[in-house]
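Worksheet: the structure to be examined is printed underneath.
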Amino acid sequence: MIRQLIPALALSACATGALAQAFPNKPITIVVSVPAGGTIDAIARMVAKDMGEALGQPVVIDNRAGANGNIAADFVRRSPADGHTLLMLASSTLTLGPYVMDKVPFDPIKDYTPVAMTAGLNMALLAHPKLGVSDVKGLVAAMKASPGKLNYSSTGNGSFPHVAGALLNLETNTTATHVPYKGLAPSIQDLLAGVVDFTFDSGSAIHVKGGKLKALAVIGPKRAAALPDVPTFRELGLPELEKVSGWHGVFAPAGTPAAVVNRLNAEINKSLKKPESIERVQAMGFESVTTTPAELGTVLQRDHKTFGELITKTRISVN
């Protein structure tokens, strides 16, 4: 039996190796869940350029924005599982969206093969200088002094900033009012104008350095490279806020061969590890990270479960 099995295993290994060598045999498309010009799109184009040079095939970007990333996710779910069509998106589409939207057209765990994480998303708590607070303790005191008077913006009902704000209320026994916006730009614009008092965002370090906003704390296991002097919520005794963290990642349709996934992972990680890539990602306010496909899969399953628990705990409703 063993003698019969060895040739079969050898044949399988040869087939897997041949598959990896033959891939890619046509252009690769990275379907991006946001419009051109955003941070996910910028990182996708950076990686695509390096991948194309390394793999010897064009790697093109196809922006399919809308429905919290569901349009792009559904398109890739229905694409051939051969590694030539990939999905790049923010983790909220797969980890948070299924809990706050009435219906999503995919199973976030079963319908995709994890390929690589491309950036860590650790939001900062940003306040308008008019509040006159310099830390989280001061903000909490202000919220308790005037229950419901202070407000915070978000990129929409059920978004990461919404969950973070609701959890901050819960953990500090405060009642700041949630003000949802249709996207990041109007949310930040009204914060800069002083229309709202605070928000959570990862890419506004430039406004902090310019003195237009005050960064009070960072969500994540460690301080942000762009805001090294700002403490984490864990340092401040509020570790529960650390759970509202996210990432950007690349996925392939379920059933994509492991040899192809590993080849893609290697080239994506090679691009992300370049010093200029690390600098660019950090300048956007994100954490530069690389993972194996298995590591990304573990993070996806963990975060999917965590956000289900957080939505139940904060009683957030999208209606």
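Starting from 1 in every chain, residues are counted up; chains themselves are A, B, ... following the order of the structure tokens, and ligands are numbered from 1 as listed.
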
Subject >> DSSP strand (DSSP E) residues within segment 67-270 of chain A, as a PyMOL selection string >> reply: chain A and resi 85-90+112-121+124-127+151-154+177-180+198-201+214-218+246-253

**OP:** Find the residues near Ala226 of chain A: any atom within 12 Å, counting only C-alpha atoms, skip ones fewer than 6 places away on the same chain, and give them as a ChimeraX atom specification.
**Re:** /A:122-124,202-209,215,218,278-288

Go ahead and write the selection's residues with N, CA, C and O atoms as an mmCIF file, in the first residue's frame.
data_model
loop_
_atom_site.group_PDB
_atom_site.id
_atom_site.type_symbol
_atom_site.label_atom_id
_atom_site.label_comp_id
_atom_site.auth_asym_id
_atom_site.auth_seq_id
_atom_site.Cartn_x
_atom_site.Cartn_y
_atom_site.Cartn_z
ATOM 1 N N ASN A 122 -5.381 50.746 12.348
ATOM 2 C CA ASN A 122 -5.567 51.071 13.753
ATOM 3 C C ASN A 122 -6.003 52.528 13.882
ATOM 4 O O ASN A 122 -5.199 53.451 13.755
ATOM 5 N N MET A 123 -7.286 52.729 14.111
ATOM 6 C CA MET A 123 -7.830 54.076 14.145
ATOM 7 C C MET A 123 -7.369 54.853 15.382
ATOM 8 O O MET A 123 -7.046 54.283 16.420
ATOM 9 N N ALA A 124 -7.365 56.165 15.220
ATOM 10 C CA ALA A 124 -7.062 57.061 16.333
ATOM 11 C C ALA A 124 -8.328 57.814 16.715
ATOM 12 O O ALA A 124 -9.174 58.115 15.861
ATOM 13 N N SER A 202 -8.077 56.528 10.744
ATOM 14 C CA SER A 202 -6.687 56.059 10.690
ATOM 15 C C SER A 202 -5.790 56.912 9.812
ATOM 16 O O SER A 202 -4.576 56.886 9.953
ATOM 17 N N GLY A 203 -6.369 57.668 8.880
ATOM 18 C CA GLY A 203 -5.540 58.353 7.898
ATOM 19 C C GLY A 203 -5.467 59.858 8.043
ATOM 20 O O GLY A 203 -5.223 60.548 7.053
ATOM 21 N N SER A 204 -5.683 60.398 9.234
ATOM 22 C CA SER A 204 -5.715 61.852 9.413
ATOM 23 C C SER A 204 -4.546 62.388 10.225
ATOM 24 O O SER A 204 -4.643 63.452 10.845
ATOM 25 N N ALA A 205 -3.426 61.662 10.214
ATOM 26 C CA ALA A 205 -2.258 62.105 10.978
ATOM 27 C C ALA A 205 -1.776 63.478 10.513
ATOM 28 O O ALA A 205 -1.274 64.274 11.308
ATOM 29 N N ILE A 206 -1.965 63.760 9.222
ATOM 30 C CA ILE A 206 -1.520 65.051 8.687
ATOM 31 C C ILE A 206 -2.253 66.211 9.359
ATOM 32 O O ILE A 206 -1.677 67.273 9.607
ATOM 33 N N HIS A 207 -3.526 66.005 9.697
ATOM 34 C CA HIS A 207 -4.290 67.052 10.369
ATOM 35 C C HIS A 207 -3.857 67.217 11.823
ATOM 36 O O HIS A 207 -3.922 68.313 12.376
ATOM 37 N N VAL A 208 -3.408 66.115 12.416
ATOM 38 C CA VAL A 208 -2.904 66.169 13.796
ATOM 39 C C VAL A 208 -1.592 66.938 13.835
ATOM 40 O O VAL A 208 -1.386 67.827 14.667
ATOM 41 N N LYS A 209 -0.708 66.602 12.902
ATOM 42 C CA LYS A 209 0.592 67.273 12.859
ATOM 43 C C LYS A 209 0.449 68.754 12.512
ATOM 44 O O LYS A 209 1.269 69.577 12.909
ATOM 45 N N ALA A 215 -5.104 64.187 18.534
ATOM 46 C CA ALA A 215 -5.174 62.736 18.672
ATOM 47 C C ALA A 215 -5.074 62.378 20.149
ATOM 48 O O ALA A 215 -4.103 62.742 20.821
ATOM 49 N N VAL A 218 -4.971 55.716 20.419
ATOM 50 C CA VAL A 218 -4.921 54.874 19.226
ATOM 51 C C VAL A 218 -5.487 53.503 19.540
ATOM 52 O O VAL A 218 -5.196 52.926 20.595
ATOM 53 N N ILE A 278 6.936 50.286 2.724
ATOM 54 C CA ILE A 278 6.667 50.445 4.157
ATOM 55 C C ILE A 278 6.460 51.915 4.498
ATOM 56 O O ILE A 278 5.518 52.285 5.205
ATOM 57 N N GLU A 279 7.329 52.752 3.957
ATOM 58 C CA GLU A 279 7.236 54.191 4.220
ATOM 59 C C GLU A 279 5.926 54.762 3.678
ATOM 60 O O GLU A 279 5.269 55.581 4.348
ATOM 61 N N ARG A 280 5.534 54.316 2.511
ATOM 62 C CA ARG A 280 4.313 54.835 1.898
ATOM 63 C C ARG A 280 3.073 54.403 2.667
ATOM 64 O O ARG A 280 2.156 55.215 2.892
ATOM 65 N N VAL A 281 3.030 53.146 3.082
ATOM 66 C CA VAL A 281 1.876 52.643 3.841
ATOM 67 C C VAL A 281 1.747 53.376 5.166
ATOM 68 O O VAL A 281 0.654 53.780 5.578
ATOM 69 N N GLN A 282 2.866 53.560 5.855
ATOM 70 C CA GLN A 282 2.838 54.252 7.144
ATOM 71 C C GLN A 282 2.467 55.718 6.990
ATOM 72 O O GLN A 282 1.798 56.292 7.857
ATOM 73 N N ALA A 283 2.876 56.332 5.881
ATOM 74 C CA ALA A 283 2.525 57.736 5.636
ATOM 75 C C ALA A 283 1.023 57.906 5.465
ATOM 76 O O ALA A 283 0.479 58.986 5.722
ATOM 77 N N MET A 284 0.345 56.847 5.029
ATOM 78 C CA MET A 284 -1.108 56.888 4.886
ATOM 79 C C MET A 284 -1.815 56.725 6.229
ATOM 80 O O MET A 284 -3.043 56.835 6.315
ATOM 81 N N GLY A 285 -1.043 56.410 7.283
ATOM 82 C CA GLY A 285 -1.630 56.219 8.593
ATOM 83 C C GLY A 285 -1.933 54.778 8.930
ATOM 84 O O GLY A 285 -2.634 54.487 9.909
ATOM 85 N N PHE A 286 -1.393 53.841 8.130
ATOM 86 C CA PHE A 286 -1.640 52.424 8.363
ATOM 87 C C PHE A 286 -0.388 51.725 8.882
ATOM 88 O O PHE A 286 0.724 52.256 8.784
ATOM 89 N N GLU A 287 -0.584 50.532 9.401
ATOM 90 C CA GLU A 287 0.531 49.722 9.879
ATOM 91 C C GLU A 287 0.994 48.818 8.745
ATOM 92 O O GLU A 287 0.180 48.155 8.090
ATOM 93 N N SER A 288 2.287 48.801 8.495
ATOM 94 C CA SER A 288 2.831 47.943 7.456
ATOM 95 C C SER A 288 2.950 46.521 7.986
ATOM 96 O O SER A 288 3.660 46.275 8.966
#

Hey, could you make a per-residue contact list for segment 173-240 of chain A against segment 148-166 of chain A with 7 Å as the cut-off, showing the nearest pair of atoms and its distance in Å to one decimal, counting only C-alpha atoms, sorted by chain and number, as CSV?
residue,atom,partner,partner_atom,distance
A:Thr175,CA,A:Gly148,CA,5.0
A:Ala176,CA,A:Gly148,CA,4.8
A:Thr177,CA,A:Asn151,CA,4.3
A:His178,CA,A:Tyr152,CA,5.2
A:Val179,CA,A:Ser153,CA,4.7
A:Pro180,CA,A:Gly156,CA,4.6
A:Tyr181,CA,A:Thr155,CA,5.0
A:Lys182,CA,A:Gly156,CA,5.6
A:Gly183,CA,A:Thr155,CA,4.4
A:Leu184,CA,A:Thr155,CA,5.1
A:Ser187,CA,A:Ser153,CA,5.7
A:Val196,CA,A:Asn151,CA,5.7
A:Asp197,CA,A:Asn151,CA,5.5
A:Phe198,CA,A:Tyr152,CA,4.8
A:Thr199,CA,A:Tyr152,CA,5.1
A:Phe200,CA,A:Pro161,CA,5.1

Close residues, Asp41 of chain A itself excluded, 12 Å, only C-alpha atoms, min 4 positions apart in chain, as an mmCIF file with C-alpha atoms, in the first residue's frame:
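Everything below was put into selection_17.cif:
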data_model
loop_
_atom_site.group_PDB
_atom_site.id
_atom_site.type_symbol
_atom_site.label_atom_id
_atom_site.label_comp_id
_atom_site.auth_asym_id
_atom_site.auth_seq_id
_atom_site.Cartn_x
_atom_site.Cartn_y
_atom_site.Cartn_z
ATOM 1 C CA ILE A 30 -7.291 42.890 -8.694
ATOM 2 C CA VAL A 31 -10.876 43.917 -8.006
ATOM 3 C CA VAL A 32 -10.778 46.799 -5.510
ATOM 4 C CA SER A 33 -13.818 47.508 -3.345
ATOM 5 C CA VAL A 34 -13.389 51.316 -3.306
ATOM 6 C CA PRO A 35 -13.160 54.071 -5.935
ATOM 7 C CA ALA A 36 -9.823 55.069 -7.430
ATOM 8 C CA GLY A 37 -7.817 57.431 -5.258
ATOM 9 C CA ARG A 45 -1.739 49.862 -7.441
ATOM 10 C CA MET A 46 1.596 49.844 -5.642
ATOM 11 C CA VAL A 47 1.473 46.063 -5.200
ATOM 12 C CA ALA A 48 0.107 45.470 -8.716
ATOM 13 C CA VAL A 60 -4.709 45.474 -13.685
ATOM 14 C CA ILE A 61 -6.949 47.245 -11.173
ATOM 15 C CA ASP A 62 -10.733 47.028 -11.501
ATOM 16 C CA ASN A 63 -12.497 49.417 -9.091
ATOM 17 C CA ARG A 64 -15.970 48.103 -8.235
ATOM 18 C CA ALA A 65 -17.100 50.329 -5.384
ATOM 19 C CA LEU A 87 -10.272 40.820 -4.317
ATOM 20 C CA MET A 88 -8.710 43.634 -2.318
ATOM 21 C CA LEU A 89 -10.832 45.238 0.364
ATOM 22 C CA ALA A 90 -11.099 46.568 3.889
ATOM 23 C CA THR A 118 -1.678 44.357 2.994
ATOM 24 C CA HIS A 248 -6.808 45.553 4.287
ATOM 25 C CA GLY A 249 -6.295 42.249 2.551
ATOM 26 C CA VAL A 250 -6.274 40.246 -0.676
ATOM 27 C CA VAL A 281 1.876 52.643 3.841
ATOM 28 C CA MET A 284 -1.108 56.888 4.886
#

**OP:** Can you work out which one of A:Leu126, A:Phe251, A:Pro98, A:Asn25 has the shortest atom-to-atom distance to Leu227 of chain A, counting only C-alpha atoms?
**Re:**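 Distance minimum relative to Leu227 of chain A lands on A:Leu126.
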
Original post:
Can you list, as an NGL selection string, every protein, DNA or RNA residue that comes within 8 Å of segment 101-117 of chain A when you count only C-alpha atoms, leaving out same-chain residues fewer than 6 positions away?
Top reply: :A and (70 or 73-74 or 77 or 94-95 or 247-256 or 261-262 or 264-265 or 268-269 or 289-294 or 296-297 or 300-301 or 318)

File of the preceding selection, N, CA, C and O atoms, as a CSV table (one decimal), in the first residue's frame:
chain,number,residue,atom,x,y,z
A,70,ASN,N,-19.6,45.1,-1.0
A,70,ASN,CA,-20.3,43.8,-1.4
A,70,ASN,C,-20.3,43.6,-2.9
A,70,ASN,O,-20.3,42.5,-3.3
A,73,ALA,N,-16.9,42.1,-3.7
A,73,ALA,CA,-16.8,40.8,-3.1
A,73,ALA,C,-17.7,39.8,-3.8
A,73,ALA,O,-17.2,38.6,-4.0
A,74,ASP,N,-18.9,40.2,-4.2
A,74,ASP,CA,-19.7,39.2,-4.9
A,74,ASP,C,-19.2,38.9,-6.3
A,74,ASP,O,-19.3,37.7,-6.7
A,77,ARG,N,-16.3,36.4,-5.8
A,77,ARG,CA,-16.9,35.1,-5.4
A,77,ARG,C,-17.3,34.3,-6.5
A,77,ARG,O,-17.2,33.1,-6.5
A,94,LEU,N,-16.0,41.9,5.3
A,94,LEU,CA,-16.1,40.5,5.7
A,94,LEU,C,-16.4,40.3,7.2
A,94,LEU,O,-17.0,39.3,7.6
A,95,THR,N,-15.9,41.2,8.0
A,95,THR,CA,-16.0,41.0,9.5
A,95,THR,C,-17.2,41.7,10.1
A,95,THR,O,-17.8,41.2,11.1
A,247,TRP,N,-8.1,45.9,8.9
A,247,TRP,CA,-7.0,45.6,8.1
A,247,TRP,C,-7.5,45.7,6.6
A,247,TRP,O,-8.6,45.7,6.3
A,248,HIS,N,-6.5,45.7,5.7
A,248,HIS,CA,-6.8,45.6,4.3
A,248,HIS,C,-6.2,44.2,3.9
A,248,HIS,O,-5.1,43.8,4.4
A,249,GLY,N,-6.8,43.5,2.9
A,249,GLY,CA,-6.3,42.2,2.6
A,249,GLY,C,-6.7,41.8,1.1
A,249,GLY,O,-7.6,42.4,0.5
A,250,VAL,N,-6.0,40.8,0.7
A,250,VAL,CA,-6.3,40.2,-0.7
A,250,VAL,C,-6.8,38.8,-0.5
A,250,VAL,O,-6.3,38.0,0.3
A,251,PHE,N,-7.9,38.6,-1.3
A,251,PHE,CA,-8.5,37.2,-1.2
A,251,PHE,C,-8.7,36.7,-2.7
A,251,PHE,O,-8.8,37.5,-3.6
A,252,ALA,N,-8.8,35.4,-2.8
A,252,ALA,CA,-9.2,34.8,-4.1
A,252,ALA,C,-10.4,34.0,-3.9
A,252,ALA,O,-10.9,33.7,-2.7
A,253,PRO,N,-11.1,33.6,-5.0
A,253,PRO,CA,-12.3,32.8,-4.8
A,253,PRO,C,-12.0,31.5,-4.1
A,253,PRO,O,-10.9,30.9,-4.2
A,254,ALA,N,-12.9,30.9,-3.4
A,254,ALA,CA,-12.7,29.6,-2.7
A,254,ALA,C,-12.4,28.6,-3.7
A,254,ALA,O,-12.9,28.5,-4.8
A,255,GLY,N,-11.4,27.7,-3.3
A,255,GLY,CA,-11.0,26.6,-4.2
A,255,GLY,C,-9.8,27.0,-5.0
A,255,GLY,O,-9.3,26.1,-5.8
A,256,THR,N,-9.3,28.2,-4.9
A,256,THR,CA,-8.0,28.5,-5.6
A,256,THR,C,-6.9,27.6,-5.2
A,256,THR,O,-6.7,27.5,-4.0
A,261,VAL,N,-2.0,30.3,-4.6
A,261,VAL,CA,-2.1,31.2,-3.5
A,261,VAL,C,-0.8,31.6,-2.9
A,261,VAL,O,-0.5,32.7,-2.6
A,262,ASN,N,0.0,30.5,-2.7
A,262,ASN,CA,1.4,30.8,-2.1
A,262,ASN,C,2.3,31.6,-3.0
A,262,ASN,O,3.1,32.4,-2.5
A,264,LEU,N,1.2,33.9,-5.1
A,264,LEU,CA,0.7,35.3,-5.0
A,264,LEU,C,1.1,35.9,-3.7
A,264,LEU,O,1.5,37.1,-3.6
A,265,ASN,N,1.0,35.2,-2.6
A,265,ASN,CA,1.4,35.7,-1.3
A,265,ASN,C,2.8,36.1,-1.3
A,265,ASN,O,3.2,37.2,-0.7
A,268,ILE,N,3.2,39.4,-3.2
A,268,ILE,CA,2.6,40.5,-2.5
A,268,ILE,C,3.5,40.9,-1.3
A,268,ILE,O,3.8,42.1,-1.1
A,269,ASN,N,3.9,40.0,-0.6
A,269,ASN,CA,4.7,40.2,0.6
A,269,ASN,C,6.1,40.9,0.2
A,269,ASN,O,6.6,41.8,0.9
A,289,VAL,N,2.2,45.6,7.4
A,289,VAL,CA,2.2,44.2,7.9
A,289,VAL,C,2.3,43.2,6.7
A,289,VAL,O,1.9,43.6,5.6
A,290,THR,N,2.8,42.0,6.9
A,290,THR,CA,2.7,40.9,6.0
A,290,THR,C,2.3,39.7,6.7
A,290,THR,O,2.5,39.5,7.9
A,291,THR,N,1.6,38.8,6.0
A,291,THR,CA,1.1,37.5,6.7
A,291,THR,C,1.2,36.4,5.7
A,291,THR,O,1.4,36.6,4.5
A,292,THR,N,1.1,35.2,6.2
A,292,THR,CA,0.9,34.0,5.3
A,292,THR,C,-0.6,33.9,5.1
A,292,THR,O,-1.4,34.5,5.8
A,293,PRO,N,-1.0,33.1,4.1
A,293,PRO,CA,-2.4,32.9,3.8
A,293,PRO,C,-3.1,32.3,5.1
A,293,PRO,O,-4.3,32.8,5.4
A,294,ALA,N,-2.5,31.4,5.8
A,294,ALA,CA,-3.1,30.8,6.9
A,294,ALA,C,-3.3,31.8,8.1
A,294,ALA,O,-4.3,31.8,8.8
A,296,LEU,N,-3.7,35.1,7.7
A,296,LEU,CA,-4.8,35.9,7.4
A,296,LEU,C,-6.2,35.2,7.6
A,296,LEU,O,-7.1,35.9,8.1
A,297,GLY,N,-6.2,34.0,7.3
A,297,GLY,CA,-7.5,33.2,7.5
A,297,GLY,C,-7.8,33.2,9.0
A,297,GLY,O,-9.0,33.3,9.4
A,300,LEU,N,-9.2,36.6,10.0
A,300,LEU,CA,-10.5,36.8,9.5
A,300,LEU,C,-11.6,36.1,10.4
A,300,LEU,O,-12.6,36.7,10.8
A,301,GLN,N,-11.3,34.9,10.7
A,301,GLN,CA,-12.3,34.1,11.6
A,301,GLN,C,-12.4,34.7,13.0
A,301,GLN,O,-13.5,34.9,13.5
A,318,VAL,N,-28.5,49.5,12.4
A,318,VAL,CA,-28.3,50.3,11.2
A,318,VAL,C,-29.5,51.0,10.7
A,318,VAL,O,-29.5,51.8,9.7

**OP:** May I have all residues of segment 55-108 of chain A that DSSP, computed from the backbone, assigns to alpha helix (DSSP H), given as a list of chain:residue names?
**Re:**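 Taking segment 55-108 of chain A and keeping alpha helix (DSSP H) gives A:Leu55, A:Asn70, A:Ile71, A:Ala72, A:Ala73, A:Asp74, A:Phe75, A:Val76, A:Arg77, A:Ser92, A:Thr93, A:Leu94, A:Thr95, A:Gly97, A:Pro98, A:Tyr99, A:Val100.
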
Filtering to C-alpha atoms, could you give me those residues as a PDB file, in the first residue's frame?
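The new file out.pdb reads:
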ATOM      1  CA  LEU A  55       5.131  37.483 -12.599  1.00  0.00           C
ATOM      2  CA  ASN A  70     -20.261  43.847  -1.362  1.00  0.00           C
ATOM      3  CA  ILE A  71     -20.307  44.537  -5.119  1.00  0.00           C
ATOM      4  CA  ALA A  72     -16.615  43.730  -5.484  1.00  0.00           C
ATOM      5  CA  ALA A  73     -16.814  40.793  -3.075  1.00  0.00           C
ATOM      6  CA  ASP A  74     -19.735  39.212  -4.903  1.00  0.00           C
ATOM      7  CA  PHE A  75     -18.047  39.620  -8.296  1.00  0.00           C
ATOM      8  CA  VAL A  76     -14.882  37.842  -7.135  1.00  0.00           C
ATOM      9  CA  ARG A  77     -16.891  35.143  -5.352  1.00  0.00           C
ATOM     10  CA  SER A  92     -15.104  45.506   7.506  1.00  0.00           C
ATOM     11  CA  THR A  93     -16.794  44.045   4.412  1.00  0.00           C
ATOM     12  CA  LEU A  94     -16.145  40.521   5.682  1.00  0.00           C
ATOM     13  CA  THR A  95     -15.994  40.980   9.468  1.00  0.00           C
ATOM     14  CA  GLY A  97     -20.797  44.020   7.262  1.00  0.00           C
ATOM     15  CA  PRO A  98     -22.557  40.659   7.686  1.00  0.00           C
ATOM     16  CA  TYR A  99     -23.782  41.781  11.129  1.00  0.00           C
ATOM     17  CA  VAL A 100     -24.999  45.283  10.266  1.00  0.00           C
TER      18      VAL A 100
END

Original post:
With only C-alpha atoms as the basis for distance, which of A:Lys49, A:Lys212, A:Lys144, A:Lys222 is at the shortest distance from Lys270 of chain A?
Top reply: A:Lys49
